[in-house]
>>> print(open('run39.cif').read())   # mmCIF, C-alpha atoms
data_work
#
loop_
_atom_site.label_atom_id
_atom_site.label_comp_id
_atom_site.auth_asym_id
_atom_site.auth_seq_id
_atom_site.Cartn_x
_atom_site.Cartn_y
_atom_site.Cartn_z
CA MET A 15 0.00 0.00 0.00
CA SER A 16 1.42 3.40 -0.99
CA ALA A 17 1.94 6.18 1.52
CA ALA A 18 -0.72 8.25 -0.25
CA THR A 19 -3.28 5.47 0.00
CA THR A 20 -2.48 4.92 3.65
CA ASP A 21 -2.86 8.64 4.35
CA ASP A 22 -6.20 8.86 2.51
CA ASP A 23 -7.50 5.82 4.37
CA TRP A 24 -6.58 6.98 7.85
CA ALA A 25 -10.08 7.39 9.32
CA ARG A 26 -11.31 3.95 8.25
CA ARG A 27 -8.19 2.22 9.56
CA ALA A 28 -8.19 4.15 12.81
CA LEU A 29 -11.85 3.31 13.39
CA ALA A 30 -11.16 -0.37 12.72
CA ALA A 31 -8.36 -0.31 15.31
CA VAL A 32 -10.60 1.30 17.94
CA ILE A 33 -13.41 -1.20 17.25
CA GLU A 34 -10.98 -4.09 17.59
CA ARG A 35 -9.88 -2.61 20.90
CA VAL A 36 -13.54 -2.66 22.01
CA ALA A 37 -13.64 -6.41 21.32
CA VAL A 38 -10.48 -6.97 23.38
CA THR A 39 -11.85 -4.83 26.21
CA ALA A 40 -15.19 -6.66 26.21
CA ALA A 41 -13.43 -9.99 26.67
CA GLU A 42 -11.36 -8.55 29.53
CA VAL A 43 -14.04 -6.75 31.57
CA GLY A 44 -17.02 -9.10 31.22
CA THR A 45 -20.07 -7.54 32.87
CA ARG A 46 -18.05 -4.77 34.54
CA PHE A 47 -17.51 -1.31 33.05
CA PRO A 48 -14.06 -0.09 31.93
CA LEU A 49 -12.94 3.26 33.28
CA TYR A 50 -9.29 3.84 32.36
CA ALA A 51 -6.33 1.72 31.22
CA GLY A 52 -2.64 2.18 31.87
CA PRO A 53 -0.37 3.11 28.98
CA GLY A 54 1.96 0.19 29.65
CA ASP A 55 -0.07 -2.98 29.31
CA GLY A 56 -3.56 -1.63 28.59
CA ARG A 57 -5.18 -3.35 31.56
CA TRP A 58 -8.43 -1.68 32.58
CA THR A 59 -9.48 -0.31 35.93
CA THR A 60 -13.20 -1.15 36.08
CA THR A 61 -16.36 -0.35 38.01
CA GLY A 62 -19.27 -2.60 38.83
CA ARG A 63 -22.14 -0.17 38.09
CA GLY A 64 -20.47 2.06 35.55
CA SER A 65 -20.30 5.32 37.53
CA TRP A 66 -20.67 8.42 35.34
CA THR A 67 -18.81 6.74 32.47
CA GLY A 68 -20.96 3.62 32.03
CA GLY A 69 -22.89 5.04 29.09
CA PHE A 70 -19.71 5.48 27.07
CA TRP A 71 -18.95 1.78 27.32
CA ALA A 72 -22.47 0.88 26.24
CA GLY A 73 -22.13 3.43 23.44
CA LEU A 74 -18.87 1.88 22.28
CA LEU A 75 -20.52 -1.52 22.17
CA TRP A 76 -23.30 -0.08 20.00
CA LEU A 77 -20.75 1.51 17.68
CA ARG A 78 -19.05 -1.88 17.40
CA ALA A 79 -22.40 -3.51 16.57
CA ARG A 80 -23.02 -0.92 13.86
CA HIS A 81 -19.53 -1.47 12.47
CA THR A 82 -19.64 -5.27 12.38
CA GLY A 83 -23.34 -5.86 11.78
CA ASP A 84 -23.02 -8.92 13.99
CA ALA A 85 -26.13 -10.02 15.90
CA ALA A 86 -24.02 -11.19 18.86
CA ASP A 87 -22.41 -7.76 19.11
CA ARG A 88 -25.86 -6.17 19.08
CA ARG A 89 -27.01 -8.45 21.90
CA ALA A 90 -23.93 -7.58 23.94
CA ALA A 91 -24.62 -3.86 23.48
CA ALA A 92 -28.27 -4.26 24.44
CA ALA A 93 -27.34 -6.24 27.55
CA CYS A 94 -24.85 -3.56 28.64
CA THR A 95 -27.40 -0.80 28.09
CA ALA A 96 -29.93 -2.71 30.20
CA ARG A 97 -27.41 -2.68 33.06
CA LEU A 98 -27.59 1.12 33.07
CA ALA A 99 -31.25 1.08 34.15
CA PRO A 100 -30.57 1.70 37.89
CA TRP A 101 -29.16 5.11 36.97
CA VAL A 102 -32.56 6.34 35.77
CA ASP A 103 -33.61 7.14 39.33
CA ALA A 104 -30.18 8.17 40.62
CA ASP A 105 -29.85 11.75 41.84
CA THR A 106 -27.25 12.98 39.37
CA ALA A 107 -27.07 15.31 36.39
CA THR A 108 -24.59 12.85 34.88
CA ARG A 109 -27.64 10.86 33.84
CA GLY A 110 -27.16 12.85 30.65
CA LEU A 111 -23.75 11.31 30.07
CA ILE A 112 -24.86 7.87 31.18
CA LEU A 113 -28.28 7.51 29.60
CA TRP A 114 -27.98 9.61 26.48
CA TYR A 115 -24.65 8.26 25.24
CA GLY A 116 -25.53 4.77 26.43
CA THR A 117 -28.72 4.72 24.33
CA ALA A 118 -28.49 7.18 21.42
CA PRO A 119 -25.96 5.12 19.42
CA ALA A 120 -28.44 2.20 19.56
CA GLY A 121 -30.70 3.82 16.98
CA ASP A 122 -34.17 2.31 17.08
CA ASP A 123 -33.38 -0.54 19.49
CA PRO A 124 -36.60 -0.89 21.54
CA GLY A 125 -34.89 -1.46 24.88
CA ALA A 126 -32.55 1.50 24.49
CA THR A 127 -35.40 3.73 23.31
CA ALA A 128 -37.58 2.81 26.30
CA LEU A 129 -34.70 3.42 28.72
CA ARG A 130 -33.94 6.81 27.16
CA GLU A 131 -37.59 7.86 27.43
CA ARG A 132 -37.71 6.83 31.09
CA ALA A 133 -34.52 8.77 31.76
CA ALA A 134 -35.90 11.86 30.04
CA ARG A 135 -39.01 11.83 32.22
CA ALA A 136 -36.95 11.26 35.36
CA CYS A 137 -34.62 14.16 34.56
CA LEU A 138 -37.57 16.44 33.88
CA SER A 139 -39.07 15.48 37.26
CA ALA A 140 -35.76 16.33 38.96
CA TRP A 141 -35.39 19.71 37.23
CA ASP A 142 -35.45 22.49 39.83
CA PRO A 143 -37.37 25.56 38.59
CA GLY A 144 -36.05 27.68 41.44
CA LEU A 145 -32.44 27.06 40.45
CA GLY A 146 -33.28 26.89 36.76
CA LEU A 147 -31.38 23.67 36.25
CA LEU A 148 -31.09 19.99 37.01
CA PRO A 149 -28.81 19.91 40.09
CA TRP A 150 -25.60 17.94 40.02
CA GLY A 151 -27.04 15.64 42.70
CA ASN A 152 -25.49 13.51 45.41
CA ALA A 153 -25.44 10.06 43.81
CA LEU A 154 -21.68 10.30 43.25
CA GLY A 155 -20.97 11.85 46.64
CA GLY A 156 -20.33 15.43 47.70
CA PRO A 157 -22.74 18.37 47.85
CA ARG A 158 -25.93 18.13 45.85
CA LEU A 159 -26.53 21.73 44.77
CA LEU A 160 -23.75 22.07 42.24
CA ALA A 161 -23.73 23.26 38.66
CA ARG A 162 -20.92 21.68 36.64
CA ALA A 163 -20.07 21.86 32.96
CA ASP A 164 -20.07 18.05 32.76
CA GLY A 165 -23.67 17.99 33.97
CA VAL A 166 -24.88 19.61 30.71
CA PRO A 167 -23.84 17.35 27.77
CA GLY A 168 -26.31 14.55 27.16
CA THR A 169 -28.74 16.22 29.56
CA VAL A 170 -29.76 18.76 26.91
CA PRO A 171 -30.86 16.21 24.26
CA LEU A 172 -32.25 13.92 26.95
CA LEU A 173 -34.50 16.62 28.38
CA ALA A 174 -35.39 17.87 24.89
CA GLY A 175 -36.89 14.46 24.20
CA ALA A 176 -39.44 14.92 27.00
CA GLY A 177 -41.85 17.12 25.04
CA PRO A 178 -42.32 20.91 25.19
CA GLN A 179 -41.72 21.07 28.95
CA GLY A 180 -38.56 19.06 28.50
CA ALA A 181 -37.30 21.37 25.75
CA ALA A 182 -37.92 24.40 27.97
CA ALA A 183 -36.07 22.72 30.85
CA ALA A 184 -33.18 21.79 28.52
CA ALA A 185 -32.84 25.41 27.42
CA ALA A 186 -33.02 26.74 30.98
CA HIS A 187 -30.48 24.16 32.18
CA LEU A 188 -28.03 25.16 29.45
CA HIS A 189 -28.49 28.90 29.83
CA ARG A 190 -28.06 28.79 33.60
CA HIS A 191 -24.76 26.95 33.13
CA LEU A 192 -23.69 29.53 30.54
CA ASP A 193 -24.60 32.30 33.02
CA LEU A 194 -22.37 30.71 35.63
CA CYS A 195 -19.51 29.30 33.60
CA LEU A 196 -19.12 32.15 31.10
CA GLY A 197 -20.91 35.05 32.82
CA GLU A 198 -24.23 36.60 31.88
CA ASP A 199 -22.61 39.61 30.19
CA GLY A 200 -19.46 38.02 28.86
CA PRO A 201 -16.62 36.30 30.68
CA PRO A 202 -15.79 38.04 33.96
CA HIS A 203 -12.99 35.53 34.56
CA ARG A 204 -9.70 34.91 32.78
CA SER A 205 -10.94 31.37 32.16
CA MET A 206 -14.38 29.85 32.35
CA ARG A 207 -15.37 28.53 35.76
CA PRO A 208 -16.60 24.98 35.22
CA ALA A 209 -18.13 24.32 38.67
CA TRP A 210 -20.36 26.29 41.05
CA ARG A 211 -22.03 25.57 44.40
CA PHE A 212 -25.32 27.05 45.55
CA ASP A 213 -25.36 28.51 49.05
CA GLU A 214 -28.73 29.45 50.55
CA GLY A 215 -27.31 32.69 51.93
CA ALA A 216 -24.76 33.72 49.33
CA GLY A 217 -26.21 32.23 46.14
CA TRP A 218 -23.93 30.67 43.54
CA GLN A 219 -20.25 30.52 44.48
CA PRO A 220 -17.38 29.22 42.29
CA CYS A 221 -15.81 25.91 43.28
CA PRO A 222 -12.04 25.42 43.24
CA ASP A 223 -12.31 21.96 41.67
CA PRO A 224 -12.39 21.43 38.74
CA PRO A 225 -10.33 24.62 38.35
CA PRO A 226 -10.62 27.34 35.72
CA GLY A 227 -8.82 26.21 32.58
CA TRP A 228 -9.86 22.56 32.98
CA SER A 229 -9.73 21.24 29.42
CA ARG A 230 -12.90 19.17 29.55
CA GLY A 231 -14.93 22.03 31.02
CA ALA A 232 -14.96 23.96 27.75
CA ALA A 233 -15.26 20.74 25.72
CA TRP A 234 -18.29 19.44 27.62
CA LEU A 235 -20.08 22.78 27.46
CA LEU A 236 -19.34 23.14 23.74
CA LEU A 237 -20.83 19.69 23.13
CA ALA A 238 -24.02 20.68 24.95
CA LEU A 239 -24.21 23.90 22.95
CA ALA A 240 -23.89 21.97 19.70
CA ASP A 241 -26.73 19.66 20.70
CA ALA A 242 -28.89 22.66 21.58
CA LEU A 243 -28.21 24.36 18.23
CA LEU A 244 -29.27 21.17 16.42
CA ARG A 245 -32.67 21.29 18.15
CA PRO A 246 -34.85 24.23 17.08
CA GLU A 247 -37.12 23.78 20.08
CA VAL A 248 -34.11 24.49 22.32
CA ALA A 249 -32.11 26.88 20.13
CA ARG A 250 -34.98 29.33 19.67
CA THR A 251 -34.51 30.44 23.28
CA GLY A 252 -31.35 32.31 22.31
CA ARG A 253 -29.69 31.39 19.02
CA VAL A 254 -27.48 34.49 18.93
CA ARG A 255 -26.24 33.85 22.46
CA LEU A 256 -25.57 30.17 21.75
CA ASP A 257 -23.57 31.00 18.62
CA GLY A 258 -21.52 33.53 20.56
CA ALA A 259 -20.94 31.14 23.45
CA ALA A 260 -19.68 28.47 21.05
CA GLU A 261 -17.10 30.89 19.67
CA GLN A 262 -16.13 31.92 23.20
CA LEU A 263 -15.61 28.30 24.24
CA LEU A 264 -13.55 27.56 21.16
CA ALA A 265 -11.41 30.59 21.94
CA GLU A 266 -11.00 29.21 25.47
CA GLY A 267 -9.17 26.27 23.89
CA GLY A 268 -7.10 28.47 21.62
CA GLY A 269 -9.55 28.71 18.72
CA SER A 270 -8.58 27.63 15.23
CA ALA A 271 -4.96 28.54 15.91
CA GLY A 272 -4.73 26.70 19.22
CA PRO A 273 -3.36 23.22 19.88
CA LEU A 274 -5.30 20.35 18.37
CA VAL A 275 -4.83 18.45 21.63
CA PRO A 276 -5.02 20.76 24.66
CA PRO A 277 -3.19 20.50 27.95
CA ALA A 278 -5.33 19.09 30.74
CA GLY A 279 -5.07 22.41 32.59
CA ALA A 280 -4.48 25.87 31.17
CA SER A 281 -2.29 26.72 34.16
CA ARG A 282 0.13 23.95 33.15
CA PRO A 283 0.69 24.38 29.41
CA ASP A 284 3.67 22.00 29.59
CA GLY A 285 1.78 19.46 31.74
CA PRO A 286 -0.10 16.37 30.61
CA LEU A 287 -2.33 16.57 27.56
CA ASP A 288 -5.96 15.49 27.47
CA THR A 289 -6.83 13.61 24.30
CA SER A 290 -10.31 12.95 25.67
CA ALA A 291 -11.02 16.71 25.66
CA ALA A 292 -9.80 16.86 22.06
CA ALA A 293 -12.09 13.98 21.03
CA ILE A 294 -15.11 15.60 22.74
CA THR A 295 -14.33 18.89 21.01
CA ALA A 296 -14.04 17.17 17.63
CA VAL A 297 -17.50 15.64 17.99
CA ALA A 298 -18.91 19.00 19.07
CA LEU A 299 -17.36 20.62 15.99
CA LEU A 300 -18.81 17.94 13.71
CA LYS A 301 -22.23 18.73 15.18
CA LEU A 302 -21.71 22.49 14.80
CA ALA A 303 -20.76 21.89 11.17
CA GLN A 304 -24.29 20.59 10.62
CA VAL A 305 -25.81 23.88 11.82
CA PRO A 306 -26.26 26.25 8.84
CA GLY A 307 -23.94 29.23 9.16
CA PRO A 308 -20.79 30.87 7.82
CA ARG A 309 -18.45 28.85 10.06
CA ALA A 310 -19.80 25.37 9.24
CA ALA A 311 -17.01 24.44 6.81
CA ALA A 312 -14.31 25.71 9.17
CA TYR A 313 -15.80 23.66 12.01
CA ALA A 314 -15.76 20.53 9.85
CA ASP A 315 -12.16 21.10 8.80
CA ARG A 316 -11.04 21.66 12.38
CA ALA A 317 -12.84 18.53 13.57
CA ALA A 318 -11.14 16.40 10.92
CA ALA A 319 -7.75 17.89 11.82
CA VAL A 320 -8.24 17.04 15.51
CA LEU A 321 -9.33 13.48 14.77
CA ARG A 322 -6.42 13.01 12.38
CA ARG A 323 -3.95 14.21 15.01
CA LEU A 324 -5.43 11.82 17.58
CA ALA A 325 -5.10 8.93 15.14
CA ARG A 326 -1.59 9.85 14.04
CA ALA A 327 0.02 10.77 17.34
CA HIS A 328 -1.94 9.16 20.16
CA LEU A 329 -3.56 5.93 18.92
CA THR A 330 -1.55 2.77 19.43
CA GLY A 331 -0.67 0.78 16.27
CA PRO A 332 -0.91 -1.10 14.01
CA GLY A 333 -3.18 1.54 12.51
CA PRO A 334 -2.20 3.96 9.78
CA TRP A 335 0.77 5.25 11.78
CA PRO A 336 2.19 2.44 13.99
CA ARG A 337 3.65 3.62 17.28
CA PRO A 338 6.62 1.94 18.99
CA GLY A 339 5.77 -0.54 21.68
CA SER A 340 2.28 -1.37 20.46
CA GLY A 341 0.54 -3.90 18.31
CA PRO A 342 1.34 -7.60 17.76
CA GLY A 343 4.19 -9.05 19.78
CA THR A 344 4.03 -6.41 22.52
CA SER A 345 2.16 -6.12 25.79
CA ARG A 346 0.25 -3.03 24.69
CA PRO A 347 -2.84 -3.60 22.52
CA ALA A 348 -3.61 -1.68 19.37
CA GLY A 349 -6.46 0.84 19.25
CA MET A 350 -5.79 2.58 22.57
CA LEU A 351 -6.25 6.35 22.62
CA LEU A 352 -3.46 7.31 25.00
CA ASP A 353 -2.58 10.60 26.69
CA GLY A 354 -5.98 11.14 28.24
CA CYS A 355 -5.95 12.83 31.64
CA TYR A 356 -8.59 11.87 34.19
CA ASP A 357 -7.55 14.31 36.94
CA ALA A 358 -4.24 16.17 36.75
CA GLY A 359 -4.65 17.74 40.20
CA LYS A 360 -4.95 14.35 41.86
CA GLU A 361 -2.36 12.76 39.55
CA LEU A 362 -5.02 10.22 38.60
CA ALA A 363 -4.62 8.46 35.25
CA VAL A 364 -2.76 11.36 33.69
CA ARG A 365 -1.48 9.68 30.48
CA HIS A 366 -4.01 6.90 30.13
CA GLU A 367 -6.62 5.48 27.86
CA LEU A 368 -10.02 6.76 29.03
CA VAL A 369 -13.26 5.05 28.06
CA TRP A 370 -14.97 8.33 27.16
CA GLY A 371 -11.98 9.36 25.04
CA ASP A 372 -12.29 6.09 23.11
CA PHE A 373 -16.03 6.66 22.69
CA PHE A 374 -15.79 10.17 21.28
CA LEU A 375 -12.89 9.21 19.02
CA ALA A 376 -14.90 6.26 17.67
CA LEU A 377 -18.01 8.43 17.27
CA GLY A 378 -16.10 11.14 15.41
CA LEU A 379 -14.39 8.65 13.11
CA ALA A 380 -17.68 6.85 12.43
CA ALA A 381 -19.27 10.19 11.51
CA LEU A 382 -16.41 10.99 9.11
CA GLU A 383 -16.92 7.59 7.50
CA GLY A 384 -20.66 8.17 7.13
CA ALA A 385 -21.52 5.30 9.48
CA VAL A 386 -23.31 7.47 12.06
CA ASP A 387 -25.60 10.48 11.80
CA ILE A 388 -23.81 12.80 14.21
CA THR A 389 -26.92 14.92 14.70
CA ARG A 390 -28.69 11.99 16.38
CA VAL A 391 -26.00 10.82 18.82
#
>>> encode(input="run39.cif", output="structure tokens")
Amino acid sequence: MSAATTDDDWARRALAAVIERVAVTAAEVGTRFPLYAGPGDGRWTTTGRGSWTGGFWAGLLWLRARHTGDAADRRAAAACTARLAPWVDADTATRGLILWYGTAPAGDDPGATALRERAARACLSAWDPGLGLLPWGNALGGPRLLARADGVPGTVPLLAGAGPQGAAAAAAHLHRHLDLCLGEDGPPHRSMRPAWRFDEGAGWQPCPDPPPGWSRGAAWLLLALADALLRPEVARTGRVRLDGAAEQLLAEGGGSAGPLVPPAGASRPDGPLDTSAAAITAVALLKLAQVPGPRAAAYADRAAAVLRRLARAHLTGPGPWPRPGSGPGTSRPAGMLLDGCYDAGKELAVRHELVWGDFFLALGLAALEGAVDITRV
């Protein structure tokens, strides 16, 4: 195969490597949920119930089933999605991450559809009109009355699926987070503040963790904005503001001239990278490219450039660009998206494969290949 052919074929080959990695992971973890894997041997740290990341594993299994067309793969994905059901009634805004991304890639699967509809109704019931949002909740520990950027993605399309009231709640949830994270009249902070706590006496107060400049804060919020702009029933509440916020969040990550893969924290530009933030951003850009407007083509080009960089520089071989120490005959499997950072402040999994990074890379590559309608996932 010529170098030119290899280069032109990069997305298909990278997607095949990631899907093969899903098969290897499925055999390793059984009925548990993968969370992150070390860069040395690729062994997964797992959870029994999935935590906030369980939907990404179910979503990866659905993407594998789409890719292979195998009935057994579809059954495995459906079984994993069914194991997410206890999260429907859990008090957490991460139900958006768990129950949207764990069901939307399933298409018209009846079980996934029913679970998503239940989750949408549950989230609408938990929406707090006084706060104007769905609270972060206490299911994962810590204070309940938080607003965090990672409590918005998935929640917006999930709520929007609950009828007119759900669409109104989705819009309010997003706009309240924009008010807090970006400021009602523009950014009053050097960097967006991704987390806030409500105090009965003092109102909303910024939280120190995650800190300003957290790479996934801007990425998660951009993803939620993209989903809102794709839904007229949500976008009509403030299209001009949503467009402006998207540009502001992209500028937060350096804009079109910034790094394709950002550092995990803006305060440590020479610290660990976060490929998972890059993959999330790429999917958000692919969604934004489907919204009519003068920047659509630029968004699509930027998304492809990010995904290409992830495949070339951070995905273990034997894909289009083999990396040393990976692939056949080594202890490290192929198809791992390395250099993801779970939590730089706690030195937790700072150069690892992260299950949500794998999911968004696979989703972005599948969209480039025309295998997934990015506006529906």
>>> closest_residue(input="run39.cif", among="A:Arg97, A:Ala182, A:Ala209, A:Ala325", to="Trp150 in chain A", atoms="all atoms listed in the file")
A:Ala209
>>> residues_around(input="run39.cif", residues="Ala271 in chain A", least_positions_apart="6", cutoff="12 Å", atoms="all atoms listed in the file", output="MDAnalysis selection string")
chainID A and resid 264:265 312 316 319:320
>>> residues_around(input="run39.cif", residues="Gly165 in chain A", least_positions_apart="2", cutoff="12 Å", atoms="only C-alpha atoms", output="PyMOL selection string")
chain A and resi 66+105-112+137+147-151+159-163+167-170+172+184+187-188+190-191+208-210+230-231+234-235+237-238
>>> resolve_selection(input="run39.cif", expression="the PyMOL selection byres ((chain A and resi 119-129) around 10)", output="PyMOL selection string")
chain A and resi 70+72-77+79-80+88+91-93+95-96+98-99+102+113-118+130-134+377+386-388+390-391
>>> resolve_selection(input="run39.cif", expression="the PyMOL selection byres ((chain A and resi 57) around 10)", output="list in words")
Thr39, Glu42, Val43, Pro48, Tyr50, Ala51, Gly52, Pro53, Gly54, Asp55, Gly56, Trp58, Thr59, Thr60, Ser345, Arg346, Pro347 and Glu367 of chain A
>>> residues_around(input="run39.cif", residues="Arg309 in chain A", least_positions_apart="2", cutoff="12 Å", atoms="all atoms listed in the file", output="list in words")
Asp257, Gly258, Ala260, Glu261, Ser270, Leu299, Leu300, Lys301, Leu302, Ala303, Gln304, Val305, Pro306, Gly307, Ala311, Ala312, Tyr313, Ala314, Asp315 and Arg316 of chain A
>>> atom_distance(input="run39.cif", atom1="CA of Asn152 in chain A", atom2="CA of Trp101 in chain A")
12.5 Å
>>> closest_residue(input="run39.cif", among="A:Phe374, A:Thr389, A:Val254, A:Leu274", to="Arg326 in chain A", atoms="all atoms listed in the file")
A:Leu274
>>> atom_distance(input="run39.cif", atom1="CA of Phe373 in chain A", atom2="CA of Ala318 in chain A")
16.0 Å
>>> residues_around(input="run39.cif", residues="Ala25 in chain A", least_positions_apart="3", cutoff="10 Å", atoms="only C-alpha atoms", output="PyMOL selection string")
chain A and resi 20-22+28-31+318+321-322+325+333-334+376+378-383
>>> atom_distance(input="run39.cif", atom1="CA of Ala136 in chain A", atom2="CA of Leu154 in chain A")
17.2 Å
>>> closest_residue(input="run39.cif", among="A:Ala358, A:Ala37, A:Leu352, A:Ala153", to="Pro225 in chain A", atoms="only C-alpha atoms")
A:Ala358
>>> build_atoms(input="run39.cif", residues="range 322-330 of chain A", atoms="all heavy atoms", output="PDB file, in the coordinates of the input")
ATOM      1  N   ARG A 322      -7.626  13.495  13.067  1.00  0.00           N
ATOM      2  CA  ARG A 322      -6.420  13.010  12.380  1.00  0.00           C
ATOM      3  C   ARG A 322      -5.220  13.046  13.315  1.00  0.00           C
ATOM      4  O   ARG A 322      -4.414  12.110  13.355  1.00  0.00           O
ATOM      5  CB  ARG A 322      -6.196  13.862  11.133  1.00  0.00           C
ATOM      6  CG  ARG A 322      -5.019  13.428  10.258  1.00  0.00           C
ATOM      7  CD  ARG A 322      -4.881  14.455   9.134  1.00  0.00           C
ATOM      8  NE  ARG A 322      -3.679  14.234   8.366  1.00  0.00           N
ATOM      9  CZ  ARG A 322      -3.639  13.592   7.208  1.00  0.00           C
ATOM     10  NH1 ARG A 322      -4.739  13.093   6.683  1.00  0.00           N
ATOM     11  NH2 ARG A 322      -2.499  13.450   6.552  1.00  0.00           N
ATOM     12  N   ARG A 323      -5.073  14.133  14.075  1.00  0.00           N
ATOM     13  CA  ARG A 323      -3.950  14.210  15.010  1.00  0.00           C
ATOM     14  C   ARG A 323      -4.061  13.125  16.082  1.00  0.00           C
ATOM     15  O   ARG A 323      -3.042  12.497  16.443  1.00  0.00           O
ATOM     16  CB  ARG A 323      -3.940  15.598  15.682  1.00  0.00           C
ATOM     17  CG  ARG A 323      -2.907  15.749  16.807  1.00  0.00           C
ATOM     18  CD  ARG A 323      -1.471  15.601  16.309  1.00  0.00           C
ATOM     19  NE  ARG A 323      -1.158  16.613  15.329  1.00  0.00           N
ATOM     20  CZ  ARG A 323      -0.791  17.853  15.609  1.00  0.00           C
ATOM     21  NH1 ARG A 323      -0.670  18.256  16.877  1.00  0.00           N
ATOM     22  NH2 ARG A 323      -0.513  18.706  14.641  1.00  0.00           N
ATOM     23  N   LEU A 324      -5.253  12.876  16.588  1.00  0.00           N
ATOM     24  CA  LEU A 324      -5.430  11.820  17.580  1.00  0.00           C
ATOM     25  C   LEU A 324      -5.019  10.474  17.005  1.00  0.00           C
ATOM     26  O   LEU A 324      -4.348   9.680  17.672  1.00  0.00           O
ATOM     27  CB  LEU A 324      -6.878  11.780  18.067  1.00  0.00           C
ATOM     28  CG  LEU A 324      -7.349  12.994  18.877  1.00  0.00           C
ATOM     29  CD1 LEU A 324      -8.834  12.865  19.204  1.00  0.00           C
ATOM     30  CD2 LEU A 324      -6.532  13.162  20.157  1.00  0.00           C
ATOM     31  N   ALA A 325      -5.435  10.206  15.770  1.00  0.00           N
ATOM     32  CA  ALA A 325      -5.100   8.930  15.140  1.00  0.00           C
ATOM     33  C   ALA A 325      -3.607   8.814  14.866  1.00  0.00           C
ATOM     34  O   ALA A 325      -2.997   7.755  15.068  1.00  0.00           O
ATOM     35  CB  ALA A 325      -5.886   8.766  13.837  1.00  0.00           C
ATOM     36  N   ARG A 326      -3.004   9.895  14.421  1.00  0.00           N
ATOM     37  CA  ARG A 326      -1.590   9.850  14.040  1.00  0.00           C
ATOM     38  C   ARG A 326      -0.662   9.787  15.233  1.00  0.00           C
ATOM     39  O   ARG A 326       0.344   9.060  15.209  1.00  0.00           O
ATOM     40  CB  ARG A 326      -1.239  11.081  13.204  1.00  0.00           C
ATOM     41  CG  ARG A 326      -1.826  11.099  11.818  1.00  0.00           C
ATOM     42  CD  ARG A 326      -1.208  12.191  10.976  1.00  0.00           C
ATOM     43  NE  ARG A 326       0.203  11.926  10.708  1.00  0.00           N
ATOM     44  CZ  ARG A 326       0.857  12.389   9.649  1.00  0.00           C
ATOM     45  NH1 ARG A 326       0.230  13.136   8.761  1.00  0.00           N
ATOM     46  NH2 ARG A 326       2.124  12.109   9.474  1.00  0.00           N
ATOM     47  N   ALA A 327      -0.959  10.562  16.274  1.00  0.00           N
ATOM     48  CA  ALA A 327       0.020  10.770  17.340  1.00  0.00           C
ATOM     49  C   ALA A 327      -0.304  10.093  18.658  1.00  0.00           C
ATOM     50  O   ALA A 327       0.577   9.984  19.516  1.00  0.00           O
ATOM     51  CB  ALA A 327       0.197  12.280  17.580  1.00  0.00           C
ATOM     52  N   HIS A 328      -1.545   9.639  18.839  1.00  0.00           N
ATOM     53  CA  HIS A 328      -1.940   9.160  20.160  1.00  0.00           C
ATOM     54  C   HIS A 328      -2.630   7.801  20.161  1.00  0.00           C
ATOM     55  O   HIS A 328      -2.931   7.276  21.239  1.00  0.00           O
ATOM     56  CB  HIS A 328      -2.868  10.194  20.830  1.00  0.00           C
ATOM     57  CG  HIS A 328      -2.245  11.551  20.944  1.00  0.00           C
ATOM     58  ND1 HIS A 328      -1.350  11.884  21.932  1.00  0.00           N
ATOM     59  CD2 HIS A 328      -2.379  12.656  20.164  1.00  0.00           C
ATOM     60  CE1 HIS A 328      -0.962  13.144  21.768  1.00  0.00           C
ATOM     61  NE2 HIS A 328      -1.574  13.634  20.704  1.00  0.00           N
ATOM     62  N   LEU A 329      -2.893   7.233  19.007  1.00  0.00           N
ATOM     63  CA  LEU A 329      -3.560   5.930  18.920  1.00  0.00           C
ATOM     64  C   LEU A 329      -2.521   4.853  18.709  1.00  0.00           C
ATOM     65  O   LEU A 329      -1.698   4.935  17.788  1.00  0.00           O
ATOM     66  CB  LEU A 329      -4.555   5.943  17.747  1.00  0.00           C
ATOM     67  CG  LEU A 329      -5.514   4.753  17.650  1.00  0.00           C
ATOM     68  CD1 LEU A 329      -6.502   4.767  18.812  1.00  0.00           C
ATOM     69  CD2 LEU A 329      -6.269   4.792  16.324  1.00  0.00           C
ATOM     70  N   THR A 330      -2.538   3.834  19.575  1.00  0.00           N
ATOM     71  CA  THR A 330      -1.550   2.770  19.430  1.00  0.00           C
ATOM     72  C   THR A 330      -1.763   1.995  18.138  1.00  0.00           C
ATOM     73  O   THR A 330      -2.883   1.841  17.667  1.00  0.00           O
ATOM     74  CB  THR A 330      -1.586   1.805  20.621  1.00  0.00           C
ATOM     75  OG1 THR A 330      -2.901   1.261  20.758  1.00  0.00           O
ATOM     76  CG2 THR A 330      -1.209   2.509  21.915  1.00  0.00           C
TER      77      THR A 330
END
